[in-house]
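Q: Structure file protein05.csv (CSV, C-alpha atoms) is given on the next line.
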```
chain,number,residue,atom,x,y,z
N,30,MET,CA,-26.4,-11.1,60.2
N,31,ILE,CA,-27.6,-12.8,56.9
N,32,ASN,CA,-28.2,-9.3,55.4
N,33,ILE,CA,-24.6,-8.3,56.1
N,34,ASN,CA,-23.2,-11.5,54.5
N,35,LEU,CA,-25.4,-10.9,51.4
N,36,ASN,CA,-24.2,-7.3,51.1
N,37,GLY,CA,-20.6,-8.5,51.4
N,38,LYS,CA,-21.1,-11.1,48.6
N,39,LYS,CA,-22.8,-8.6,46.3
N,40,LYS,CA,-19.9,-6.1,46.8
N,41,GLY,CA,-17.4,-8.9,45.9
N,42,GLN,CA,-19.4,-9.8,42.8
N,43,GLU,CA,-19.5,-6.2,41.7
N,44,GLU,CA,-15.7,-5.9,42.1
N,45,MET,CA,-15.2,-9.0,40.1
N,46,ILE,CA,-17.5,-7.8,37.3
N,47,GLY,CA,-15.6,-4.4,37.3
N,48,PHE,CA,-12.2,-6.2,37.1
N,49,VAL,CA,-13.5,-8.5,34.2
N,50,LEU,CA,-14.9,-5.4,32.4
N,51,ILE,CA,-11.5,-3.6,32.7
N,52,ILE,CA,-9.7,-6.7,31.3
N,53,VAL,CA,-12.2,-7.0,28.4
N,54,LEU,CA,-11.8,-3.3,27.6
N,55,VAL,CA,-8.0,-3.5,27.6
N,56,ALA,CA,-8.1,-6.6,25.4
N,57,VAL,CA,-10.5,-5.0,22.9
N,58,ILE,CA,-8.3,-1.9,22.7
N,59,GLY,CA,-5.3,-4.1,22.2
N,60,LEU,CA,-6.9,-6.1,19.5
N,61,ILE,CA,-8.0,-3.0,17.6
N,62,PHE,CA,-4.4,-1.6,17.9
N,63,LEU,CA,-3.0,-5.0,16.7
N,64,ALA,CA,-5.4,-5.1,13.7
N,65,ILE,CA,-4.3,-1.5,12.6
N,66,GLN,CA,-0.6,-2.4,13.1
N,67,ILE,CA,-0.9,-5.5,11.0
N,68,ARG,CA,-2.9,-4.0,8.1
N,69,ARG,CA,-1.0,-0.7,7.6
N,70,PRO,CA,2.2,-1.8,5.7
N,71,ALA,CA,0.3,-3.9,3.1
N,72,GLU,CA,-2.0,-0.9,2.4
N,73,MET,CA,0.9,1.5,1.9
N,74,ARG,CA,2.7,-0.8,-0.5
N,75,ALA,CA,-0.4,-1.6,-2.6
N,76,SER,CA,-1.5,2.0,-2.6
N,77,ALA,CA,1.9,3.0,-4.1
N,78,GLU,CA,1.3,0.3,-6.8
N,79,VAL,CA,-2.1,1.8,-7.7
N,80,ARG,CA,-0.7,5.3,-7.8
N,81,SER,CA,2.2,4.3,-10.1
N,82,PHE,CA,-0.3,2.4,-12.3
N,83,LEU,CA,-2.7,5.5,-12.6
N,84,GLU,CA,0.2,8.0,-13.2
N,85,SER,CA,1.8,5.8,-15.8
N,86,SER,CA,-1.4,4.9,-17.6
N,87,LEU,CA,-2.1,8.6,-18.1
N,88,HIS,CA,0.9,8.7,-20.5
N,89,PHE,CA,-0.4,5.7,-22.6
N,90,THR,CA,-0.8,6.5,-26.3
N,91,THR,CA,-4.2,5.6,-27.7
N,92,ASP,CA,-5.2,5.3,-31.4
N,93,CYS,CA,-7.4,8.3,-31.4
N,94,TYR,CA,-6.3,11.4,-33.5
N,95,ILE,CA,-8.2,14.6,-33.0
N,96,GLU,CA,-7.4,17.5,-35.4
N,97,SER,CA,-3.7,16.6,-35.0
N,98,HIS,CA,-1.1,14.3,-36.5
N,99,ARG,CA,-0.3,13.2,-32.9
N,100,PRO,CA,-2.3,10.4,-31.3
N,101,ARG,CA,-3.9,11.4,-28.0
N,102,ASP,CA,-2.6,9.9,-24.7
N,103,ILE,CA,-5.1,9.0,-22.0
N,104,ARG,CA,-4.6,12.3,-20.2
N,105,GLY,CA,-5.5,14.2,-23.4
N,106,LEU,CA,-8.4,11.9,-24.1
N,107,ILE,CA,-9.9,12.6,-20.7
N,108,ARG,CA,-10.0,16.3,-21.6
N,109,ASP,CA,-11.4,15.5,-25.0
N,110,CYS,CA,-14.1,13.3,-23.4
N,111,TYR,CA,-14.9,16.2,-21.1
N,112,ASN,CA,-15.2,18.5,-24.2
N,113,ASP,CA,-17.3,15.9,-26.1
N,114,GLU,CA,-14.7,15.6,-28.9
N,115,VAL,CA,-14.8,13.0,-31.7
N,116,CYS,CA,-11.8,11.1,-33.1
N,117,GLU,CA,-10.9,11.5,-36.8
N,118,ASP,CA,-12.3,8.0,-37.5
N,119,ASP,CA,-15.7,9.2,-36.0
N,120,ARG,CA,-15.4,7.3,-32.7
N,121,ASP,CA,-16.5,9.1,-29.6
N,122,ALA,CA,-13.5,10.2,-27.4
N,123,CYS,CA,-15.3,8.8,-24.3
N,124,GLU,CA,-15.8,5.5,-26.0
N,125,VAL,CA,-12.1,5.2,-27.0
N,126,LEU,CA,-11.2,6.3,-23.5
N,127,ASN,CA,-13.4,3.7,-21.9
N,128,SER,CA,-12.3,0.8,-24.1
N,129,THR,CA,-8.6,1.7,-23.7
N,130,ILE,CA,-8.8,1.9,-19.9
N,131,VAL,CA,-10.7,-1.4,-19.7
N,132,ALA,CA,-8.1,-3.2,-21.8
N,133,ILE,CA,-5.2,-1.8,-19.6
N,134,VAL,CA,-6.9,-2.5,-16.3
N,135,GLU,CA,-8.0,-6.0,-17.3
N,136,SER,CA,-4.5,-6.9,-18.4
N,137,GLU,CA,-2.9,-5.7,-15.1
N,138,PHE,CA,-5.5,-6.5,-12.5
N,139,SER,CA,-6.7,-9.9,-13.5
N,140,LEU,CA,-9.6,-11.3,-11.5
N,141,ASP,CA,-7.4,-14.4,-10.9
N,142,ASN,CA,-5.2,-12.3,-8.6
N,143,TYR,CA,-7.7,-9.7,-7.3
N,144,ALA,CA,-11.3,-9.9,-6.1
N,145,GLY,CA,-12.3,-6.8,-8.1
N,146,TYR,CA,-11.6,-3.2,-9.0
N,147,LYS,CA,-13.4,0.0,-9.5
N,148,LEU,CA,-12.0,2.9,-11.6
N,149,GLU,CA,-13.8,6.2,-11.9
N,150,ILE,CA,-12.9,9.4,-13.8
N,151,TYR,CA,-14.6,12.5,-12.3
N,152,GLU,CA,-15.4,15.9,-13.8
N,153,ASP,CA,-15.9,18.0,-10.6
N,154,GLU,CA,-18.2,15.6,-8.6
N,155,ASP,CA,-19.9,14.0,-11.7
N,156,THR,CA,-18.7,10.6,-12.9
N,157,MET,CA,-17.5,10.7,-16.6
N,158,VAL,CA,-16.3,7.1,-16.8
N,159,SER,CA,-16.9,4.3,-14.5
N,160,ILE,CA,-15.5,0.8,-14.8
N,161,GLU,CA,-16.3,-1.9,-12.3
N,162,MET,CA,-15.3,-5.6,-12.3
N,163,GLY,CA,-15.5,-8.4,-9.9
N,164,ASN,CA,-16.6,-8.2,-6.3
N,165,GLU,CA,-15.8,-5.8,-3.5
N,166,SER,CA,-13.9,-7.3,-0.6
N,167,ALA,CA,-12.9,-6.0,2.8
N,168,ASN,CA,-9.3,-5.5,1.7
N,169,ARG,CA,-9.5,-2.3,-0.3
N,170,VAL,CA,-6.6,-0.3,-1.5
N,171,GLY,CA,-7.2,2.9,-3.5
N,172,LYS,CA,-5.7,6.0,-4.8
N,173,SER,CA,-7.0,9.3,-6.3
N,174,VAL,CA,-4.9,11.3,-8.8
N,175,ASN,CA,-5.7,14.8,-10.0
N,176,ILE,CA,-5.4,15.0,-13.8
N,177,ALA,CA,-5.9,18.6,-14.9
N,178,GLY,CA,-8.6,21.2,-14.2
N,179,PRO,CA,-11.7,19.6,-12.8
N,180,ASN,CA,-10.7,16.1,-13.7
N,181,ARG,CA,-9.7,13.4,-11.3
N,182,ILE,CA,-9.1,9.7,-11.6
N,183,GLU,CA,-9.8,7.4,-8.7
N,184,MET,CA,-9.1,3.7,-8.5
N,185,ASN,CA,-9.9,1.1,-5.8
N,186,VAL,CA,-8.6,-2.4,-6.0
N,187,PHE,CA,-10.2,-5.1,-3.9
N,188,GLU,CA,-7.7,-7.8,-2.8
N,189,LEU,CA,-8.7,-11.5,-2.5
N,190,THR,CA,-9.6,-12.4,1.0
N,191,GLN,CA,-7.6,-15.3,2.4
N,192,ASN,CA,-9.8,-18.0,3.8
R,120,MET,CA,-22.7,-5.0,82.0
R,121,ASN,CA,-19.8,-5.1,84.4
R,122,LYS,CA,-16.3,-3.7,83.8
R,123,ILE,CA,-14.7,-7.0,82.8
R,124,GLY,CA,-17.6,-7.8,80.5
R,125,ARG,CA,-17.3,-4.4,78.7
R,126,GLN,CA,-13.5,-4.9,78.3
R,127,ASN,CA,-14.1,-8.3,76.6
R,128,VAL,CA,-16.6,-6.7,74.2
R,129,ASP,CA,-14.1,-3.9,73.3
R,130,CYS,CA,-11.4,-6.4,72.8
R,131,GLY,CA,-13.6,-8.5,70.5
R,132,ILE,CA,-14.4,-5.5,68.3
R,133,GLU,CA,-10.8,-4.5,68.2
R,134,VAL,CA,-9.8,-8.0,67.0
R,135,LYS,CA,-12.6,-8.1,64.4
R,136,MET,CA,-11.5,-4.7,63.1
R,137,LYS,CA,-7.9,-5.8,62.9
R,138,ARG,CA,-8.8,-8.9,61.0
R,139,LYS,CA,-11.0,-6.9,58.6
R,140,GLY,CA,-8.1,-4.4,58.1
R,141,GLN,CA,-5.7,-7.3,57.5
R,142,PHE,CA,-8.1,-8.9,55.1
R,143,LYS,CA,-8.5,-5.6,53.2
R,144,ILE,CA,-4.7,-5.2,53.0
R,145,GLN,CA,-4.4,-8.8,51.7
R,146,GLN,CA,-7.2,-8.2,49.2
R,147,MET,CA,-5.4,-5.1,47.9
R,148,ALA,CA,-2.1,-6.9,47.7
R,149,PHE,CA,-3.6,-9.8,45.7
R,150,MET,CA,-5.3,-7.2,43.4
R,151,LEU,CA,-1.9,-5.4,42.9
R,152,VAL,CA,-0.1,-8.7,42.2
R,153,GLY,CA,-2.9,-9.7,39.8
R,154,LEU,CA,-2.7,-6.3,38.0
R,155,MET,CA,1.1,-6.5,37.8
R,156,ILE,CA,1.0,-10.0,36.3
R,157,PHE,CA,-1.6,-8.8,33.8
R,158,PHE,CA,0.5,-5.8,32.7
R,159,ILE,CA,3.6,-7.9,32.6
R,160,LEU,CA,1.8,-10.4,30.3
R,161,VAL,CA,0.5,-7.5,28.1
R,162,GLY,CA,4.0,-6.0,28.0
R,163,LEU,CA,5.5,-9.4,27.0
R,164,PHE,CA,2.9,-9.8,24.3
R,165,TRP,CA,3.6,-6.3,23.0
R,166,ILE,CA,7.4,-6.9,23.0
R,167,ILE,CA,6.9,-10.1,21.0
R,168,LEU,CA,4.7,-8.3,18.5
R,169,GLN,CA,7.1,-5.4,18.2
R,170,ARG,CA,10.0,-7.8,17.5
R,171,GLN,CA,8.0,-9.4,14.7
R,172,SER,CA,6.9,-6.0,13.3
R,173,LEU,CA,10.5,-4.7,13.5
R,174,TYR,CA,11.5,-7.5,11.1
R,175,ASP,CA,8.5,-6.7,8.8
R,176,GLU,CA,9.4,-3.0,9.0
R,177,ALA,CA,13.1,-3.8,8.0
R,178,ILE,CA,11.8,-5.7,5.0
R,179,MET,CA,9.4,-2.9,4.2
R,180,LEU,CA,12.2,-0.3,4.4
R,181,ARG,CA,14.4,-2.2,2.0
R,182,GLU,CA,11.5,-2.5,-0.4
R,183,ARG,CA,10.9,1.2,0.0
R,184,GLU,CA,14.5,1.9,-0.7
R,185,ALA,CA,14.2,-0.1,-3.9
R,186,ILE,CA,11.0,1.8,-4.8
R,187,GLN,CA,12.8,5.1,-4.3
R,188,ILE,CA,15.6,4.0,-6.6
R,189,ALA,CA,13.0,3.1,-9.2
R,190,GLN,CA,11.3,6.6,-8.8
R,191,PHE,CA,14.7,8.3,-8.8
R,192,MET,CA,15.6,6.6,-12.0
R,193,ALA,CA,12.2,7.4,-13.6
R,194,ASP,CA,12.7,11.1,-12.5
R,195,SER,CA,16.4,11.5,-13.4
R,196,SER,CA,17.2,13.5,-16.5
R,197,GLU,CA,19.2,10.5,-17.9
R,198,PHE,CA,16.0,8.5,-18.3
R,199,ASN,CA,12.9,10.6,-17.9
R,200,CYS,CA,10.6,11.9,-20.7
R,201,GLN,CA,11.2,15.5,-21.7
R,202,GLY,CA,8.2,17.7,-20.8
R,203,ASN,CA,6.4,14.7,-19.3
R,204,PRO,CA,8.2,14.0,-16.0
R,205,GLY,CA,7.0,11.6,-13.4
R,206,TYR,CA,6.5,7.8,-13.9
R,207,CYS,CA,7.8,8.1,-17.5
R,208,ILE,CA,11.0,6.7,-18.9
R,209,ASN,CA,12.4,7.5,-22.4
R,210,THR,CA,13.5,4.2,-23.9
R,211,ASP,CA,15.5,6.1,-26.6
R,212,LYS,CA,17.7,7.3,-23.8
R,213,ILE,CA,18.0,3.8,-22.4
R,214,MET,CA,19.2,2.5,-25.7
R,215,ALA,CA,21.6,5.4,-26.1
R,216,LEU,CA,23.1,4.5,-22.6
R,217,ASP,CA,23.2,0.8,-23.5
R,218,ASN,CA,27.0,0.4,-23.4
R,219,VAL,CA,27.9,3.2,-21.0
R,220,THR,CA,29.8,1.9,-17.9
R,221,SER,CA,29.7,5.1,-15.8
R,222,TYR,CA,27.0,3.6,-13.5
R,223,ASP,CA,28.8,0.4,-12.7
R,224,GLY,CA,28.4,-0.2,-9.0
R,225,TYR,CA,26.5,3.1,-8.5
R,226,TRP,CA,23.3,1.6,-7.1
R,227,PRO,CA,23.2,-1.0,-4.4
R,228,VAL,CA,21.0,-3.3,-6.4
R,229,ASP,CA,21.6,-6.4,-8.5
R,230,TYR,CA,19.7,-5.3,-11.6
R,231,VAL,CA,17.3,-2.8,-13.1
R,232,ARG,CA,15.1,-4.0,-15.8
R,233,LEU,CA,12.2,-2.4,-17.8
R,234,ALA,CA,9.4,-4.6,-19.1
R,235,GLN,CA,6.6,-3.7,-21.4
R,236,MET,CA,3.3,-4.8,-19.8
R,237,HIS,CA,0.6,-3.4,-22.2
R,238,PRO,CA,0.3,-4.1,-25.0
R,239,ALA,CA,1.6,-7.5,-23.9
R,240,ASP,CA,3.8,-9.2,-26.3
R,241,GLU,CA,6.3,-12.1,-26.0
R,242,GLU,CA,9.5,-11.4,-24.1
R,243,ILE,CA,12.1,-10.1,-26.5
R,244,ARG,CA,15.4,-8.5,-25.1
R,245,CYS,CA,16.1,-5.1,-26.6
R,246,THR,CA,19.2,-4.5,-28.5
R,247,ARG,CA,20.1,-1.6,-30.9
R,248,ALA,CA,19.4,-4.0,-33.7
R,249,ASN,CA,15.7,-4.9,-32.8
R,250,TYR,CA,14.7,-1.7,-31.0
R,251,PRO,CA,11.8,-0.7,-30.7
R,252,ASP,CA,10.3,-4.1,-31.6
R,253,CYS,CA,11.2,-5.6,-28.3
R,254,THR,CA,9.7,-5.8,-24.8
R,255,VAL,CA,12.5,-6.1,-22.1
R,256,TYR,CA,15.3,-3.6,-21.5
R,257,ASP,CA,18.3,-4.6,-19.3
R,258,VAL,CA,19.2,-1.2,-17.9
R,259,TYR,CA,21.7,-1.9,-15.2
R,260,GLU,CA,23.5,-4.9,-13.8
R,261,ASN,CA,25.7,-5.1,-10.7
R,262,GLU,CA,28.0,-8.2,-10.5
R,263,ASP,CA,28.8,-7.4,-6.9
R,264,VAL,CA,25.2,-8.0,-5.7
R,265,THR,CA,23.1,-11.2,-6.0
R,266,SER,CA,19.4,-10.6,-5.7
R,267,THR,CA,17.3,-12.5,-3.3
R,268,SER,CA,14.2,-10.5,-3.9
R,269,SER,CA,12.7,-8.0,-6.5
R,270,MET,CA,10.1,-5.3,-6.6
R,271,SER,CA,8.4,-3.4,-9.4
R,272,SER,CA,6.6,-0.2,-10.0
R,273,TYR,CA,4.6,0.9,-13.0
R,274,VAL,CA,6.2,3.4,-15.5
R,275,ALA,CA,5.3,4.6,-18.9
R,276,LEU,CA,7.8,3.6,-21.5
R,277,CYS,CA,7.9,6.3,-24.2
R,278,ARG,CA,9.9,6.7,-27.4
R,279,TYR,CA,9.8,9.0,-30.4
R,280,GLU,CA,8.6,7.7,-33.7
R,281,ARG,CA,8.0,9.4,-37.0
R,282,VAL,CA,4.3,9.4,-37.8
R,283,GLU,CA,3.2,11.1,-41.0
R,284,GLY,CA,6.5,13.0,-41.1
R,285,TYR,CA,6.2,14.3,-37.5
R,286,ALA,CA,8.1,13.2,-34.4
R,287,THR,CA,5.5,11.7,-32.2
R,288,GLN,CA,5.8,10.4,-28.7
R,289,ILE,CA,4.4,6.8,-28.3
R,290,CYS,CA,4.0,5.5,-24.8
R,291,GLU,CA,3.3,2.1,-23.6
R,292,LEU,CA,2.6,0.8,-20.1
R,293,GLY,CA,5.6,-0.9,-18.5
R,294,LYS,CA,7.2,-1.8,-15.2
R,295,ILE,CA,10.6,-1.0,-13.7
R,296,ILE,CA,11.8,-4.1,-12.0
R,297,ILE,CA,14.6,-4.0,-9.4
R,298,GLY,CA,16.4,-7.0,-8.1
R,299,TYR,CA,18.0,-6.5,-4.7
R,300,ASP,CA,19.7,-8.4,-1.9
R,301,MET,CA,17.6,-8.1,1.2
R,302,ALA,CA,20.5,-8.5,3.6
R,303,ARG,CA,22.7,-5.9,1.8
R,304,MET,CA,20.2,-3.1,1.2
R,305,GLY,CA,20.6,-0.3,3.6
R,306,ASN,CA,24.2,-1.2,4.7
```
Take the structure in this file and express it as structure tokens.
A:
Amino acid sequence: MININLNGKKKGQEEMIGFVLIIVLVAVIGLIFLAIQIRRPAEMRASAEVRSFLESSLHFTTDCYIESHRPRDIRGLIRDCYNDEVCEDDRDACEVLNSTIVAIVESEFSLDNYAGYKLEIYEDEDTMVSIEMGNESANRVGKSVNIAGPNRIEMNVFELTQN
Amino acid sequence: MNKIGRQNVDCGIEVKMKRKGQFKIQQMAFMLVGLMIFFILVGLFWIILQRQSLYDEAIMLREREAIQIAQFMADSSEFNCQGNPGYCINTDKIMALDNVTSYDGYWPVDYVRLAQMHPADEEIRCTRANYPDCTVYDVYENEDVTSTSSMSSYVALCRYERVEGYATQICELGKIIIGYDMARMGN
């Protein structure tokens, strides 16, 4: 008689645990879904901003002249850096590229408004130029833009986390 | 056991089984009611969230419409850079269209403005007299709309200058800023 009662109690406990497990599982799935829903719009908007920044910056005119009366823009300077060219005033194309990009990025993505950023220019899979400032945070928005041939520019901006 | 005794035992088992069955039915009913309440609560929570996200989505769509106007302007032949399309605006064309009134009331926005961002100088409104030594271009203004919000997108601001006797394209980093009325956009 006692054994029957114990079995009945055990069965009841198992049912309760099962029910709680189902509720926890549904709650976790709901929370994940909720987190994705909340984050998506902000990422889309910021990603458009990074893309427009990268695309527009490629047109920026630098003060480097290479065998031409026309100053190079950043897009041209990336190709020159890839080909190890030197400006008419003996500065290395990669050096000018690096300093110009740093100046533009620092003026637009101030560390007062962002946690940090990382900008990399690739030649195939090798990194030609890498600029990194500030800290990485959980809120990352990034964009990659193909320039020409094997060159690709990629930027990740880390937003300030709200405490 | 006699006949009456056996009947009593059978009756007792039947009553016990009936009670057990009723208890099981009751248990299932409670479980179903509990599940229904749970799903109703989940549904209510979801509806509240959807209502909030609908409002956010409406704002996002209006912003996207403004972004599309910005991109449309940057890509249209009236403003874009020859041979360098995409995220590039020819400021020479902007100055040439300075007093043209054909676009009055054309876009459902309050204003379209271009601002030079890098190199950053003090804010000077562009006129034909001071161009290109200026930083802000008032491209379009619509008196019928009062802006309650604004959005911006990066664009290259390019112009042609004579360098060592050659026409040379000089580009600076700028932003196209659009002021719009959140309630009016999309109507």
Q: Smallest atom-to-atom distance to Phe187 (chain N): which of N:Arg108, N:Ser159, N:Met45, N:Val79, using all atoms listed in the file?
A: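 Closest candidate: N:Val79.
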Q: With 9 Å as the cut-off and only C-alpha atoms counted, what is the closest atom pair between each nearby residue of chain N and chain R? Distances in Å to one decimal, ordered by chain and number, as CSV.
A:
```
residue,atom,partner,partner_atom,distance
N:Ile52,CA,R:Phe157,CA,8.7
N:Gly59,CA,R:Val161,CA,8.9
N:Leu63,CA,R:Leu168,CA,8.6
N:Gln66,CA,R:Ser172,CA,8.3
N:Ile67,CA,R:Ser172,CA,8.1
N:Pro70,CA,R:Met179,CA,7.4
N:Arg74,CA,R:Met179,CA,8.4
N:Ala77,CA,R:Ser272,CA,8.2
N:Glu78,CA,R:Ser272,CA,6.2
N:Val79,CA,R:Tyr273,CA,8.6
N:Arg80,CA,R:Tyr273,CA,8.6
N:Ser81,CA,R:Tyr273,CA,5.1
N:Phe82,CA,R:Tyr273,CA,5.2
N:Leu83,CA,R:Tyr273,CA,8.6
N:Glu84,CA,R:Tyr206,CA,6.3
N:Ser85,CA,R:Ala275,CA,4.8
N:Ser86,CA,R:Leu292,CA,6.2
N:Leu87,CA,R:Ala275,CA,8.4
N:His88,CA,R:Cys290,CA,6.2
N:Phe89,CA,R:Cys290,CA,4.9
N:Thr90,CA,R:Cys290,CA,5.1
N:Thr91,CA,R:Cys290,CA,8.7
N:His98,CA,R:Glu283,CA,7.0
N:Arg99,CA,R:Thr287,CA,6.0
N:Pro100,CA,R:Thr287,CA,8.0
N:Asp102,CA,R:Cys290,CA,7.9
N:Ala132,CA,R:His237,CA,8.7
N:Ile133,CA,R:His237,CA,6.6
N:Ser136,CA,R:His237,CA,7.3
N:Glu137,CA,R:Met236,CA,7.8
```
Q: When you draw a straight line from CA of Asn168 (chain N) to CA of Arg181 (chain N), how long is it in Å?
A: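 Between CA of Asn168 (chain N) and CA of Arg181 (chain N) the gap is 22.9 Å.
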Q: Go through N:Glu96, N:Glu161, N:Glu154, N:Glu43 one by one, measure the shortest atom-to-atom distance of each to Cys116 (chain N) using all atoms listed in the file, and give the residue with the smallest value.
A: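 Closest to Cys116 (chain N) of all the choices is N:Glu96.
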Q: Residues at most 8 Å from Leu148 (chain N), counting all atoms listed in the file, excluding those fewer than 5 positions away in the same chain, as a list in words?
A: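 Neighbouring residues, sequence-local ones excluded: Val158, Ser159, Ile160, Glu161, Ile182, Glu183, Met184 and Asn185 of chain N.
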Q: In Å to one decimal, how far is CA of Ile61 (chain N) from CA of Arg170 (chain R)?
A: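 Interatomic distance, CA of Arg170 (chain R) to CA of Ile61 (chain N): 18.6 Å.
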Q: Please identify all polymer residues within 12 Å of Cys110 (chain N), counting only C-alpha atoms, omitting same-chain residues fewer than 4 positions from it, and present them as a ChimeraX atom specification.
A: /N:93,95,101,103-106,114-116,120-127,150-152,156-158,180
Q: Restricting the output to C-alpha atoms, write the selected residues as a PDB file, in the frame of the given file.
A:
```pdb
ATOM      1  CA  CYS N  93      -7.400   8.300 -31.400  1.00  0.00           C
ATOM      2  CA  ILE N  95      -8.200  14.600 -33.000  1.00  0.00           C
ATOM      3  CA  ARG N 101      -3.900  11.400 -28.000  1.00  0.00           C
ATOM      4  CA  ILE N 103      -5.100   9.000 -22.000  1.00  0.00           C
ATOM      5  CA  ARG N 104      -4.600  12.300 -20.200  1.00  0.00           C
ATOM      6  CA  GLY N 105      -5.500  14.200 -23.400  1.00  0.00           C
ATOM      7  CA  LEU N 106      -8.400  11.900 -24.100  1.00  0.00           C
ATOM      8  CA  GLU N 114     -14.700  15.600 -28.900  1.00  0.00           C
ATOM      9  CA  VAL N 115     -14.800  13.000 -31.700  1.00  0.00           C
ATOM     10  CA  CYS N 116     -11.800  11.100 -33.100  1.00  0.00           C
ATOM     11  CA  ARG N 120     -15.400   7.300 -32.700  1.00  0.00           C
ATOM     12  CA  ASP N 121     -16.500   9.100 -29.600  1.00  0.00           C
ATOM     13  CA  ALA N 122     -13.500  10.200 -27.400  1.00  0.00           C
ATOM     14  CA  CYS N 123     -15.300   8.800 -24.300  1.00  0.00           C
ATOM     15  CA  GLU N 124     -15.800   5.500 -26.000  1.00  0.00           C
ATOM     16  CA  VAL N 125     -12.100   5.200 -27.000  1.00  0.00           C
ATOM     17  CA  LEU N 126     -11.200   6.300 -23.500  1.00  0.00           C
ATOM     18  CA  ASN N 127     -13.400   3.700 -21.900  1.00  0.00           C
ATOM     19  CA  ILE N 150     -12.900   9.400 -13.800  1.00  0.00           C
ATOM     20  CA  TYR N 151     -14.600  12.500 -12.300  1.00  0.00           C
ATOM     21  CA  GLU N 152     -15.400  15.900 -13.800  1.00  0.00           C
ATOM     22  CA  THR N 156     -18.700  10.600 -12.900  1.00  0.00           C
ATOM     23  CA  MET N 157     -17.500  10.700 -16.600  1.00  0.00           C
ATOM     24  CA  VAL N 158     -16.300   7.100 -16.800  1.00  0.00           C
ATOM     25  CA  ASN N 180     -10.700  16.100 -13.700  1.00  0.00           C
TER      26      ASN N 180
END
```
Q: (16.7, 7.6, -29.2) in this file's frame - what residues fall within 12 Å of it? Use all atoms listed in the file and give the answer as number ranges by chain.
A: R: 197-198, 200, 208-217, 247, 250-251, 277-281, 286, 288
Q: Between CA of Ala248 (chain R) and CA of Thr220 (chain R), what distance in Å does the model show, to one decimal?
A: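 CA of Thr220 (chain R) lies at a distance of 19.8 Å from CA of Ala248 (chain R).
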Q: If we count all atoms listed in the file and set the cut-off at 7 Å, which residues sit around Gly163 (chain N), ignoring sequence neighbours fewer than 3 positions away in its own chain? Please answer as a ChimeraX atom specification.
A: /N:140,144-146
Q: Taking (12.9, -8.8, -21.4) as a centre in this file's frame and 9 Å as the limit, can you find every polymer residue with an atom that close, using all atoms listed in the file, and give them as a list in words?
A: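 These residues have at least one counted atom within 9 Å: Arg232, Leu233, Ala234, Gln235, Glu241, Glu242, Ile243, Arg244, Cys245, Cys253, Thr254, Val255, Tyr256 and Asp257 of chain R.
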